[in-house]
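File shown: work.txt. Contents: compact mmCIF, C-alpha atoms.
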```
# COMPACT_ATOMS: atom_id res chain seq x y z
CA MET H 98 -29.20 -8.08 14.31
CA THR H 99 -26.32 -6.45 16.12
CA LYS H 100 -25.90 -2.67 15.83
CA PRO H 101 -23.17 -1.50 13.44
CA VAL H 102 -19.97 -0.47 15.20
CA PRO H 103 -19.53 3.34 15.05
CA THR H 104 -17.17 4.58 12.33
CA ILE H 105 -15.09 6.43 14.91
CA VAL H 106 -14.42 3.13 16.73
CA ILE H 107 -13.37 1.42 13.47
CA GLY H 108 -11.12 4.42 12.91
CA ARG H 109 -9.20 3.70 16.12
CA LEU H 110 -8.65 -0.04 15.52
CA PRO H 111 -5.74 0.50 13.06
CA ILE H 112 -4.08 2.73 15.67
CA TYR H 113 -4.36 -0.03 18.28
CA LEU H 114 -3.06 -2.57 15.76
CA ARG H 115 -0.06 -0.39 14.85
CA GLU H 116 0.89 0.07 18.51
CA LEU H 117 0.42 -3.62 19.35
CA VAL H 118 2.76 -4.58 16.50
CA ARG H 119 5.34 -2.15 17.90
CA LEU H 120 4.87 -3.62 21.39
CA SER H 121 5.29 -7.10 19.96
CA LYS H 122 8.60 -6.10 18.32
CA GLU H 123 9.88 -4.62 21.58
CA LYS H 124 9.38 -8.08 23.16
CA VAL H 125 9.22 -6.74 26.72
CA SER H 126 6.25 -8.90 27.70
CA PRO H 127 3.82 -11.19 25.83
CA THR H 128 0.93 -9.25 27.36
CA THR H 129 -0.17 -5.64 27.63
CA SER H 130 -2.96 -3.73 29.35
CA SER H 131 -5.44 -1.04 28.36
CA GLN H 132 -3.45 1.23 30.73
CA GLU H 133 -0.18 0.62 28.89
CA LEU H 134 -1.84 1.17 25.49
CA ALA H 135 -3.54 4.28 26.86
CA GLN H 136 -0.24 5.73 27.99
CA ARG H 137 1.46 5.02 24.66
CA LEU H 138 -1.40 6.33 22.52
CA GLY H 139 -2.80 9.25 24.48
CA ILE H 140 -6.27 7.65 24.46
CA SER H 141 -8.00 6.81 27.78
CA SER H 142 -7.87 3.19 28.95
CA ALA H 143 -11.66 3.19 29.42
CA GLN H 144 -12.07 4.22 25.77
CA ILE H 145 -9.75 1.42 24.61
CA ARG H 146 -11.62 -1.22 26.66
CA LYS H 147 -14.97 0.06 25.38
CA ASP H 148 -13.81 0.09 21.75
CA LEU H 149 -12.50 -3.48 21.92
CA SER H 150 -15.60 -4.72 23.77
CA HIS H 151 -17.62 -4.16 20.56
CA PHE H 152 -15.88 -7.23 19.14
CA GLY H 153 -15.77 -9.61 22.11
CA GLU H 154 -13.78 -10.33 25.23
CA PHE H 155 -10.07 -10.03 24.48
CA GLY H 156 -8.50 -9.40 27.87
CA LYS H 157 -8.54 -10.93 31.32
CA GLN H 158 -8.84 -9.02 34.57
CA GLY H 159 -5.37 -9.04 36.11
CA THR H 160 -3.41 -10.44 33.16
CA GLY H 161 -4.50 -7.99 30.43
CA TYR H 162 -4.34 -8.62 26.69
CA HIS H 163 -2.19 -11.27 25.01
CA ILE H 164 -0.43 -9.12 22.38
CA GLU H 165 -0.10 -11.67 19.53
CA TYR H 166 -3.67 -12.88 20.01
CA LEU H 167 -5.09 -9.35 19.97
CA ILE H 168 -3.03 -8.54 16.82
CA GLU H 169 -4.53 -11.58 15.06
CA GLN H 170 -8.05 -10.69 16.16
CA LEU H 171 -7.74 -7.06 15.04
CA LYS H 172 -6.37 -8.21 11.66
CA LYS H 173 -9.38 -10.51 11.27
CA ILE H 174 -11.82 -7.74 12.22
CA LEU H 175 -10.20 -5.34 9.75
CA HIS H 176 -9.99 -7.94 6.91
CA LEU H 177 -6.21 -7.81 6.93
CA THR H 178 -5.44 -11.52 7.17
CA GLU H 179 -4.38 -11.56 3.50
CA THR H 180 -2.53 -8.84 1.62
CA LEU H 181 -4.95 -6.60 -0.30
CA ASP H 182 -3.96 -5.25 -3.70
CA VAL H 183 -4.15 -1.48 -4.13
CA ILE H 184 -3.74 0.70 -7.22
CA VAL H 185 -2.23 4.18 -7.24
CA VAL H 186 -3.46 6.65 -9.88
CA GLY H 187 -0.85 9.33 -10.55
CA ALA H 188 2.92 8.87 -10.82
CA GLY H 189 4.06 12.34 -9.74
CA TYR H 190 6.04 13.16 -6.57
CA LEU H 191 3.18 11.97 -4.35
CA GLY H 192 2.75 8.73 -6.32
CA HIS H 193 6.51 8.18 -5.94
CA ALA H 194 6.34 8.87 -2.20
CA LEU H 195 3.54 6.31 -1.85
CA ALA H 196 5.25 3.68 -4.00
CA HIS H 197 8.46 4.01 -2.00
CA TYR H 198 6.80 4.08 1.42
CA GLY H 199 7.82 0.83 3.07
CA GLY H 200 4.84 0.57 5.38
CA PHE H 201 2.23 -0.93 3.05
CA GLN H 202 3.38 -4.52 2.55
CA ARG H 203 3.93 -5.44 6.17
CA ARG H 204 0.67 -3.79 7.20
CA GLY H 205 -1.60 -5.62 4.79
CA PHE H 206 -1.42 -3.87 1.42
CA CYS H 207 0.45 -4.25 -1.85
CA ILE H 208 0.71 -1.42 -4.37
CA ALA H 209 0.10 -3.72 -7.31
CA HIS H 210 -0.36 -1.18 -10.12
CA VAL H 211 0.45 2.48 -10.72
CA PHE H 212 -1.20 4.46 -13.54
CA ASP H 213 -0.44 7.73 -15.31
CA ASN H 214 -1.33 9.37 -18.62
CA ASP H 215 2.14 10.85 -19.23
CA PRO H 216 3.95 8.83 -21.95
CA GLU H 217 7.28 9.72 -20.30
CA LYS H 218 6.23 8.09 -17.05
CA ILE H 219 4.56 4.98 -18.50
CA GLY H 220 6.97 2.06 -18.28
CA GLN H 221 9.03 3.56 -15.43
CA THR H 222 9.62 1.47 -12.32
CA MET H 223 8.12 2.88 -9.12
CA GLY H 224 8.83 0.86 -6.01
CA GLU H 225 7.65 -2.67 -6.81
CA ALA H 226 5.35 -1.59 -9.65
CA THR H 227 5.73 -0.38 -13.23
CA VAL H 228 3.75 2.69 -14.32
CA GLN H 229 0.97 1.65 -16.69
CA ASP H 230 -1.08 3.67 -19.19
CA ILE H 231 -4.25 5.01 -17.56
CA ALA H 232 -6.13 3.72 -20.62
CA GLU H 233 -5.69 0.25 -19.08
CA LEU H 234 -7.27 1.28 -15.76
CA GLU H 235 -10.61 -0.51 -16.17
CA THR H 236 -9.12 -3.71 -17.62
CA VAL H 237 -6.56 -4.08 -14.83
CA ILE H 238 -9.09 -3.41 -12.05
CA GLN H 239 -11.59 -5.89 -13.45
CA GLN H 240 -9.10 -8.64 -14.29
CA ASN H 241 -7.53 -8.48 -10.83
CA GLN H 242 -10.75 -7.73 -8.94
CA ILE H 243 -9.09 -4.81 -7.17
CA LYS H 244 -11.30 -2.93 -4.70
CA ILE H 245 -8.98 -0.22 -3.30
CA ALA H 246 -7.49 2.81 -5.07
CA ILE H 247 -5.30 5.75 -4.02
CA LEU H 248 -5.74 9.01 -5.96
CA ALA H 249 -2.61 11.15 -6.39
CA ILE H 250 -3.71 13.24 -9.39
CA PRO H 251 -4.58 16.88 -10.12
CA THR H 252 -7.90 18.25 -8.86
CA THR H 253 -9.18 18.95 -12.39
CA VAL H 254 -9.32 15.28 -13.38
CA ALA H 255 -10.25 13.85 -9.98
CA GLN H 256 -14.04 13.49 -10.32
CA ASP H 257 -13.82 11.92 -13.81
CA THR H 258 -11.20 9.46 -12.59
CA VAL H 259 -13.28 8.57 -9.52
CA ASN H 260 -16.27 7.86 -11.77
CA ARG H 261 -14.12 5.53 -13.89
CA LEU H 262 -12.74 3.74 -10.82
CA ILE H 263 -16.20 3.11 -9.36
CA LYS H 264 -17.61 1.91 -12.67
CA ALA H 265 -14.71 -0.55 -12.92
CA GLY H 266 -15.39 -2.02 -9.46
CA ILE H 267 -13.38 0.03 -6.93
CA THR H 268 -15.26 0.43 -3.62
CA SER H 269 -12.67 2.14 -1.36
CA ILE H 270 -10.80 5.30 -2.33
CA LEU H 271 -8.09 7.22 -0.48
CA THR H 272 -7.68 10.62 -2.13
CA TYR H 273 -5.05 13.34 -1.76
CA THR H 274 -7.03 15.68 -4.02
CA PRO H 275 -8.29 18.65 -1.94
CA ILE H 276 -11.89 18.64 -3.18
CA HIS H 277 -15.01 16.86 -2.06
CA LEU H 278 -15.72 14.04 -4.52
CA LYS H 279 -19.24 12.84 -5.30
CA VAL H 280 -19.60 9.09 -4.86
CA PRO H 281 -22.57 6.71 -4.42
CA GLU H 282 -23.48 5.79 -0.85
CA HIS H 283 -21.91 2.30 -0.92
CA ILE H 284 -18.45 3.69 -1.79
CA HIS H 285 -16.02 4.46 1.03
CA ILE H 286 -13.85 7.51 0.52
CA SER H 287 -11.11 8.80 2.79
CA TYR H 288 -9.53 12.24 2.37
CA SER H 289 -5.97 13.29 3.10
CA ASP H 290 -5.41 17.04 2.83
CA PRO H 291 -2.33 18.50 4.58
CA VAL H 292 -3.79 22.02 4.46
CA VAL H 293 -6.97 20.97 6.29
CA GLN H 294 -4.79 19.41 8.99
CA LEU H 295 -2.66 22.57 9.25
CA GLN H 296 -5.75 24.78 9.38
CA GLN H 297 -7.19 22.71 12.21
CA MET H 298 -4.00 23.23 14.21
CA ALA H 299 -3.78 26.95 13.32
CA TYR H 300 -6.92 27.47 15.42
CA TYR H 301 -4.91 26.53 18.50
CA LEU H 302 -1.93 28.80 17.79
CA PRO H 303 -1.33 31.39 20.50
CA LYS H 304 -3.19 34.56 19.45
CA GLN H 305 -0.23 36.96 19.76
CA GLU H 306 1.66 34.92 17.18
CA VAL H 307 -0.86 35.45 14.41
CA ALA H 308 -2.11 38.96 15.06
CA MET G 110 -15.88 31.92 30.55
CA THR G 111 -17.29 30.28 27.44
CA LYS G 112 -16.83 26.54 26.98
CA PRO G 113 -14.08 25.48 24.55
CA VAL G 114 -15.39 24.49 21.13
CA PRO G 115 -15.10 20.70 20.62
CA THR G 116 -12.07 19.59 18.57
CA ILE G 117 -14.33 17.74 16.16
CA VAL G 118 -16.14 21.00 15.34
CA ILE G 119 -12.82 22.81 14.74
CA GLY G 120 -11.90 19.89 12.50
CA ARG G 121 -14.86 20.57 10.21
CA LEU G 122 -14.30 24.35 9.83
CA PRO G 123 -11.49 23.96 7.23
CA ILE G 124 -13.81 21.68 5.22
CA TYR G 125 -16.50 24.38 5.24
CA LEU G 126 -13.93 27.02 4.31
CA ARG G 127 -12.60 24.95 1.40
CA GLU G 128 -16.09 24.42 -0.01
CA LEU G 129 -17.08 28.08 0.45
CA VAL G 130 -14.00 29.16 -1.51
CA ARG G 131 -15.01 26.77 -4.29
CA LEU G 132 -18.57 28.15 -4.22
CA SER G 133 -17.19 31.67 -4.37
CA LYS G 134 -15.14 30.80 -7.48
CA GLU G 135 -18.18 29.27 -9.18
CA LYS G 136 -19.91 32.67 -8.79
CA VAL G 137 -23.41 31.23 -9.12
CA SER G 138 -24.81 33.29 -6.23
CA PRO G 139 -23.32 35.58 -3.54
CA THR G 140 -25.13 33.52 -0.89
CA THR G 141 -25.43 29.88 0.07
CA SER G 142 -27.43 27.84 2.57
CA SER G 143 -26.69 25.13 5.09
CA GLN G 144 -28.73 22.86 2.79
CA GLU G 145 -26.51 23.58 -0.22
CA LEU G 146 -23.33 23.09 1.82
CA ALA G 147 -24.81 19.89 3.26
CA GLN G 148 -25.48 18.48 -0.16
CA ARG G 149 -22.01 19.32 -1.44
CA LEU G 150 -20.20 18.00 1.64
CA GLY G 151 -22.22 14.99 2.72
CA ILE G 152 -22.67 16.52 6.21
CA SER G 153 -26.20 17.23 7.53
CA SER G 154 -27.45 20.83 7.33
CA ALA G 155 -28.38 20.71 11.04
CA GLN G 156 -24.77 19.76 11.85
CA ILE G 157 -23.42 22.64 9.77
CA ARG G 158 -25.75 25.18 11.43
CA LYS G 159 -24.85 23.85 14.88
CA ASP G 160 -21.10 23.93 14.17
CA LEU G 161 -21.24 27.54 12.94
CA SER G 162 -23.47 28.65 15.82
CA HIS G 163 -20.53 28.11 18.21
CA PHE G 164 -18.99 31.25 16.74
CA GLY G 165 -21.98 33.57 16.33
CA GLU G 166 -24.86 34.25 13.99
CA PHE G 167 -23.65 34.09 10.37
CA GLY G 168 -26.82 33.43 8.39
CA LYS G 169 -30.29 34.85 8.07
CA GLN G 170 -33.50 32.84 7.92
CA GLY G 171 -34.59 32.91 4.28
CA THR G 172 -31.46 34.47 2.73
CA GLY G 173 -28.82 32.06 4.07
CA TYR G 174 -25.10 32.78 4.39
CA HIS G 175 -23.25 35.51 2.52
CA ILE G 176 -20.36 33.48 1.05
CA GLU G 177 -17.57 36.11 1.13
CA TYR G 178 -18.49 37.21 4.65
CA LEU G 179 -18.53 33.65 5.97
CA ILE G 180 -15.15 32.96 4.31
CA GLU G 181 -13.65 35.99 6.07
CA GLN G 182 -15.15 34.98 9.42
CA LEU G 183 -13.91 31.40 9.16
CA LYS G 184 -10.42 32.66 8.25
CA LYS G 185 -10.46 34.89 11.35
CA ILE G 186 -11.63 32.04 13.58
CA LEU G 187 -8.92 29.74 12.21
CA HIS G 188 -6.17 32.41 12.42
CA LEU G 189 -5.69 32.38 8.67
CA THR G 190 -5.93 36.10 7.97
CA GLU G 191 -2.18 36.26 7.36
CA THR G 192 0.00 33.64 5.70
CA LEU G 193 1.66 31.38 8.28
CA ASP G 194 5.20 30.14 7.69
CA VAL G 195 5.69 26.38 7.85
CA ILE G 196 8.86 24.28 7.77
CA VAL G 197 9.17 20.84 6.18
CA VAL G 198 11.71 18.42 7.66
CA GLY G 199 12.78 15.83 5.09
CA ALA G 200 13.49 16.41 1.38
CA GLY G 201 12.68 12.94 0.03
CA TYR G 202 9.80 12.10 -2.34
CA LEU G 203 7.22 13.15 0.26
CA GLY G 204 9.01 16.42 1.00
CA HIS G 205 9.08 17.07 -2.76
CA ALA G 206 5.37 16.28 -3.09
CA LEU G 207 4.61 18.75 -0.28
CA ALA G 208 6.88 21.48 -1.63
CA HIS G 209 5.30 21.21 -5.09
CA TYR G 210 1.71 20.99 -3.85
CA GLY G 211 0.11 24.22 -5.01
CA GLY G 212 -2.56 24.36 -2.32
CA PHE G 213 -0.60 25.83 0.59
CA GLN G 214 -0.08 29.46 -0.38
CA ARG G 215 -3.63 30.33 -1.38
CA ARG G 216 -4.99 28.53 1.70
CA GLY G 217 -2.94 30.37 4.31
CA PHE G 218 0.48 28.71 4.51
CA CYS G 219 3.93 29.22 3.08
CA ILE G 220 6.54 26.46 3.05
CA ALA G 221 9.32 28.82 4.08
CA HIS G 222 12.10 26.34 4.83
CA VAL G 223 12.92 22.72 4.01
CA PHE G 224 15.55 20.76 5.94
CA ASP G 225 17.50 17.55 5.32
CA ASN G 226 20.72 15.96 6.58
CA ASP G 227 21.79 14.62 3.17
CA PRO G 228 24.67 16.75 1.77
CA GLU G 229 23.48 15.93 -1.77
CA LYS G 230 20.07 17.44 -1.09
CA ILE G 231 21.22 20.52 0.83
CA GLY G 232 21.22 23.52 -1.52
CA GLN G 233 18.70 22.02 -3.95
CA THR G 234 15.60 24.04 -4.86
CA MET G 235 12.30 22.51 -3.81
CA GLY G 236 9.23 24.48 -4.85
CA GLU G 237 9.80 27.98 -3.48
CA ALA G 238 12.36 26.92 -0.87
CA THR G 239 15.99 25.79 -0.84
CA VAL G 240 16.90 22.69 1.16
CA GLN G 241 18.88 23.70 4.27
CA ASP G 242 21.15 21.70 6.56
CA ILE G 243 19.18 20.23 9.46
CA ALA G 244 21.95 21.53 11.73
CA GLU G 245 20.40 24.98 11.20
CA LEU G 246 16.93 23.82 12.32
CA GLU G 247 16.87 25.52 15.73
CA THR G 248 18.39 28.80 14.52
CA VAL G 249 15.94 29.18 11.64
CA ILE G 250 12.89 28.35 13.79
CA GLN G 251 13.90 30.82 16.49
CA GLN G 252 14.96 33.65 14.20
CA ASN G 253 11.73 33.44 12.22
CA GLN G 254 9.46 32.56 15.17
CA ILE G 255 8.01 29.63 13.22
CA LYS G 256 5.34 27.63 15.05
CA ILE G 257 4.31 24.96 12.51
CA ALA G 258 6.34 22.02 11.17
CA ILE G 259 5.64 19.13 8.78
CA LEU G 260 7.61 15.91 9.37
CA ALA G 261 8.49 13.86 6.28
CA ILE G 262 11.37 11.83 7.68
CA PRO G 263 12.11 8.17 8.53
CA THR G 264 10.48 6.68 11.64
CA THR G 265 13.83 6.02 13.33
CA VAL G 266 14.71 9.71 13.68
CA ALA G 267 11.17 11.04 14.22
CA GLN G 268 11.04 11.28 18.03
CA ASP G 269 14.47 12.95 18.29
CA THR G 270 13.52 15.46 15.62
CA VAL G 271 10.20 16.22 17.31
CA ASN G 272 12.04 16.88 20.57
CA ARG G 273 14.35 19.33 18.76
CA LEU G 274 11.41 21.08 17.07
CA ILE G 275 9.52 21.58 20.32
CA LYS G 276 12.59 22.82 22.16
CA ALA G 277 13.12 25.38 19.38
CA GLY G 278 9.57 26.71 19.69
CA ILE G 279 7.38 24.68 17.30
CA THR G 280 3.85 24.14 18.75
CA SER G 281 2.00 22.45 15.86
CA ILE G 282 3.29 19.36 14.04
CA LEU G 283 1.83 17.48 11.07
CA THR G 284 3.61 14.14 10.79
CA TYR G 285 3.65 11.48 8.05
CA THR G 286 5.71 9.15 10.23
CA PRO G 287 3.60 6.08 11.14
CA ILE G 288 4.38 6.03 14.87
CA HIS G 289 2.83 7.69 17.88
CA LEU G 290 5.10 10.55 18.96
CA LYS G 291 5.41 11.65 22.57
CA VAL G 292 4.80 15.39 22.99
CA PRO G 293 3.92 17.66 25.95
CA GLU G 294 0.24 18.48 26.43
CA HIS G 295 0.41 22.00 24.98
CA ILE G 296 1.74 20.74 21.62
CA HIS G 297 -0.73 19.97 18.83
CA ILE G 298 0.14 17.01 16.66
CA SER G 299 -1.75 15.73 13.63
CA TYR G 300 -1.03 12.35 12.03
CA SER G 301 -1.28 11.40 8.37
CA ASP G 302 -0.83 7.68 7.75
CA PRO G 303 -2.13 6.26 4.45
CA VAL G 304 -2.09 2.71 5.82
CA VAL G 305 -4.33 3.61 8.76
CA GLN G 306 -6.80 5.17 6.31
CA LEU G 307 -6.68 2.07 4.08
CA GLN G 308 -7.14 -0.24 7.07
CA GLN G 309 -10.19 1.73 8.21
CA MET G 310 -11.76 1.24 4.78
CA ALA G 311 -10.74 -2.43 4.57
CA TYR G 312 -13.19 -3.10 7.42
CA TYR G 313 -16.03 -2.18 5.07
CA LEU G 314 -14.90 -4.35 2.14
CA PRO G 315 -17.45 -7.00 1.14
CA LYS G 316 -16.56 -10.17 3.06
CA GLN G 317 -16.42 -12.50 0.03
CA GLU G 318 -13.67 -10.37 -1.50
CA VAL G 319 -11.23 -10.89 1.33
CA ALA G 320 -11.94 -14.47 2.42
```
Rewrite the coordinates I just gave you, this time as structure tokens.
Amino acid sequence: MTKPVPTIVIGRLPIYLRELVRLSKEKVSPTTSSQELAQRLGISSAQIRKDLSHFGEFGKQGTGYHIEYLIEQLKKILHLTETLDVIVVGAGYLGHALAHYGGFQRRGFCIAHVFDNDPEKIGQTMGEATVQDIAELETVIQQNQIKIAILAIPTTVAQDTVNRLIKAGITSILTYTPIHLKVPEHIHISYSDPVVQLQQMAYYLPKQEVA
Amino acid sequence: MTKPVPTIVIGRLPIYLRELVRLSKEKVSPTTSSQELAQRLGISSAQIRKDLSHFGEFGKQGTGYHIEYLIEQLKKILHLTETLDVIVVGAGYLGHALAHYGGFQRRGFCIAHVFDNDPEKIGQTMGEATVQDIAELETVIQQNQIKIAILAIPTTVAQDTVNRLIKAGITSILTYTPIHLKVPEHIHISYSDPVVQLQQMAYYLPKQEVA
């Protein structure tokens, strides 16, 4: 048995992937180095080499990493070789922002279904999807074997909705709701809360500015 | 000289604060314990005690933490005793979602100004703010001594805009643009990229589902 790779290392792989794809588009060279990635990402080159070494030997001393090869390997490691269907729950401003964000499709995800409980929103087109009645949530998840959901709904209904999603087969949840949600241990949940991010930075504000 | 508190510890303080405020609203008891917080947050009680111990002695053996006192102390530590003005650059769907998100004001921030370069958007009301011409960006930042900005703009103009923000006096930036931005060392930048969060979770998807 090999040891599981630390979560924090997995967390950096998408950052490496995103930068490698940018490097590939710039077409300056077919190869890169941990030093070049380090400089572009603000992460040390030793850290990058150590992170990648969890998954094998990708670079050669002297020639570095072959960009396209490393992109393919990272996609395999992250299960991104085929597009994964995602549902969005909530068709408000945030749901709209997500549905219109161009970055999903080319980075491995398709917003396949959007749900809301507002009769005025049901039937509307949002990006590539049409807003569906939240009553159909379970049926759609099960019929399409969808595993990933994004929550863009009010705090008051978040826990109930999460319970429904998990019961229907969802295993990975990205939530914009600013509360801690209770989920079983095998469920992966990722939080996005702008205020938490602002509060973290506020700590570093010069003291005279906030006195 | 005391050692700087690790960034990862600072990162957890807003999570503690958010949960303490929820506990306070529930009014079950005026005190809580690291065990109760641990259970609600999915973080170990030892970790919580260790994180808080960086800033002093907040709890008592046997009686635990006084909730209101700990809230006040965490707000002081995070520089959240007064409301901090924030600007949002970009008045698209994401800018709208941010401006209408109710969680800023009661958690220490005020979206004081929103900017866009689209003449059709300039002058529109968004939440509490009116969309202003991006040409006024520098003047508004300097006149109001604003330090914090949220970027909700297309990738292509992100780096140029960041350069303008920093030159005008912004020191903390939360960006939704999915590229690494180059900033001087004294600037704090926080990234929010839904695709990175989805990719991190995709790693943990059951293998048979993605074959």
Problem set entry | Contact set, chain G to chain H: 7 Å, only C-alpha atoms, as a ChimeraX atom specification | /G:119-120,123-124,150,186-188,202-203,205-206,213,281,289,297,299,304-306,308-312,319
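Going from CA of His175 (chain G) to CA of Thr141 (chain G) covers 6.5 Å.
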For this session: Do a neighbour search on Glu247 (chain G) at 10 Å with all atoms listed in the file, toss out local chain neighbours closer than 6 positions, and write the hits as a PyMOL selection string.
Result: chain G and resi 273-279
Export, as a PDB file, in the frame of the given file, the selected residues with C-alpha atoms.
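Dumped to result-v7.pdb:
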```pdb
ATOM      1  CA  ARG G 273      14.350  19.330  18.760  1.00  0.00           C
ATOM      2  CA  LEU G 274      11.410  21.080  17.070  1.00  0.00           C
ATOM      3  CA  ILE G 275       9.520  21.580  20.320  1.00  0.00           C
ATOM      4  CA  LYS G 276      12.590  22.820  22.160  1.00  0.00           C
ATOM      5  CA  ALA G 277      13.120  25.380  19.380  1.00  0.00           C
ATOM      6  CA  GLY G 278       9.570  26.710  19.690  1.00  0.00           C
ATOM      7  CA  ILE G 279       7.380  24.680  17.300  1.00  0.00           C
TER       8      ILE G 279
END
```
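Shell of Ala209 (chain H) at 8 Å, with only C-alpha atoms counted and residues fewer than 2 places along the chain excluded, is Asp182, Val183, Ile184, Cys207, Val211, Glu225 and Ala226 of chain H.
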Problem set entry | Shell of 9 Å around region 161-172 of chain G, all atoms listed in the file, local chain residues under 2 positions omitted, as a count of residues only | 17
Exercise. CA of Arg203 (chain H) and CA of Lys124 (chain H), how far apart in Å?
Worked result: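 Pair CA of Lys124 (chain H) / CA of Arg203 (chain H) returns 18.0 Å.
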Seminar exercise, completed: What separates CA of Thr270 (chain G) and CA of Val249 (chain G) is a distance of 14.5 Å
Exercise. Taking into account all atoms listed in the file, which residue in the set G:Leu129, G:Val197, G:Ile176, G:Ala155 is nearest to Gly236 (chain G)?
Worked result: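 Closest to Gly236 (chain G) of all the choices is G:Val197.
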Report as JSON the centre and the edge lengths, in Å to one decimal, of the axis-aligned box holding every listed atom of region 149-164 of chain H, padded by 3 Å on each side.
```
{"center_x": -9.0, "center_y": -7.4, "center_z": 27.6, "size_x": 23.2, "size_y": 13.8, "size_z": 23.0}
```
Problem set entry | Protein and nucleic acid residues near (3.7, 2.3, -12.0) (cut-off 7 Å, all atoms listed in the file) as an NGL selection string | :H and (188 or 210-212 or 221-223 or 226-229)
Just region 100-113 of chain H, please, as a PDB file, in the first residue's frame (only N, CA and C atoms).
```pdb
ATOM      1  N   LYS H 100       1.215   5.346   0.573  1.00  0.00           N
ATOM      2  CA  LYS H 100       0.548   6.324   1.449  1.00  0.00           C
ATOM      3  C   LYS H 100      -0.315   7.262   0.607  1.00  0.00           C
ATOM      4  N   PRO H 101      -1.461   7.712   1.129  1.00  0.00           N
ATOM      5  CA  PRO H 101      -2.248   8.681   0.352  1.00  0.00           C
ATOM      6  C   PRO H 101      -1.479   9.988   0.196  1.00  0.00           C
ATOM      7  N   VAL H 102      -1.654  10.612  -0.962  1.00  0.00           N
ATOM      8  CA  VAL H 102      -0.985  11.894  -1.216  1.00  0.00           C
ATOM      9  C   VAL H 102      -1.688  12.977  -0.384  1.00  0.00           C
ATOM     10  N   PRO H 103      -0.936  13.831   0.323  1.00  0.00           N
ATOM     11  CA  PRO H 103      -1.578  14.858   1.155  1.00  0.00           C
ATOM     12  C   PRO H 103      -2.540  15.738   0.357  1.00  0.00           C
ATOM     13  N   THR H 104      -3.651  16.096   0.994  1.00  0.00           N
ATOM     14  CA  THR H 104      -4.673  16.936   0.368  1.00  0.00           C
ATOM     15  C   THR H 104      -4.077  18.231  -0.173  1.00  0.00           C
ATOM     16  N   ILE H 105      -3.120  18.798   0.568  1.00  0.00           N
ATOM     17  CA  ILE H 105      -2.553  20.080   0.171  1.00  0.00           C
ATOM     18  C   ILE H 105      -1.768  19.960  -1.141  1.00  0.00           C
ATOM     19  N   VAL H 106      -1.188  18.766  -1.377  1.00  0.00           N
ATOM     20  CA  VAL H 106      -0.483  18.515  -2.641  1.00  0.00           C
ATOM     21  C   VAL H 106      -1.498  18.408  -3.782  1.00  0.00           C
ATOM     22  N   ILE H 107      -2.572  17.638  -3.564  1.00  0.00           N
ATOM     23  CA  ILE H 107      -3.646  17.532  -4.562  1.00  0.00           C
ATOM     24  C   ILE H 107      -4.176  18.927  -4.885  1.00  0.00           C
ATOM     25  N   GLY H 108      -4.254  19.762  -3.863  1.00  0.00           N
ATOM     26  CA  GLY H 108      -4.771  21.116  -4.049  1.00  0.00           C
ATOM     27  C   GLY H 108      -3.928  21.948  -4.992  1.00  0.00           C
ATOM     28  N   ARG H 109      -2.610  21.645  -5.058  1.00  0.00           N
ATOM     29  CA  ARG H 109      -1.747  22.439  -5.943  1.00  0.00           C
ATOM     30  C   ARG H 109      -1.715  21.919  -7.385  1.00  0.00           C
ATOM     31  N   LEU H 110      -2.092  20.663  -7.611  1.00  0.00           N
ATOM     32  CA  LEU H 110      -2.011  20.104  -8.964  1.00  0.00           C
ATOM     33  C   LEU H 110      -2.830  20.903  -9.993  1.00  0.00           C
ATOM     34  N   PRO H 111      -4.085  21.324  -9.653  1.00  0.00           N
ATOM     35  CA  PRO H 111      -4.829  22.119 -10.636  1.00  0.00           C
ATOM     36  C   PRO H 111      -4.147  23.449 -10.966  1.00  0.00           C
ATOM     37  N   ILE H 112      -3.404  23.993 -10.018  1.00  0.00           N
ATOM     38  CA  ILE H 112      -2.674  25.244 -10.261  1.00  0.00           C
ATOM     39  C   ILE H 112      -1.549  24.985 -11.264  1.00  0.00           C
ATOM     40  N   TYR H 113      -0.843  23.870 -11.074  1.00  0.00           N
ATOM     41  CA  TYR H 113       0.222  23.510 -12.025  1.00  0.00           C
ATOM     42  C   TYR H 113      -0.381  23.287 -13.417  1.00  0.00           C
TER      43      TYR H 113
END
```
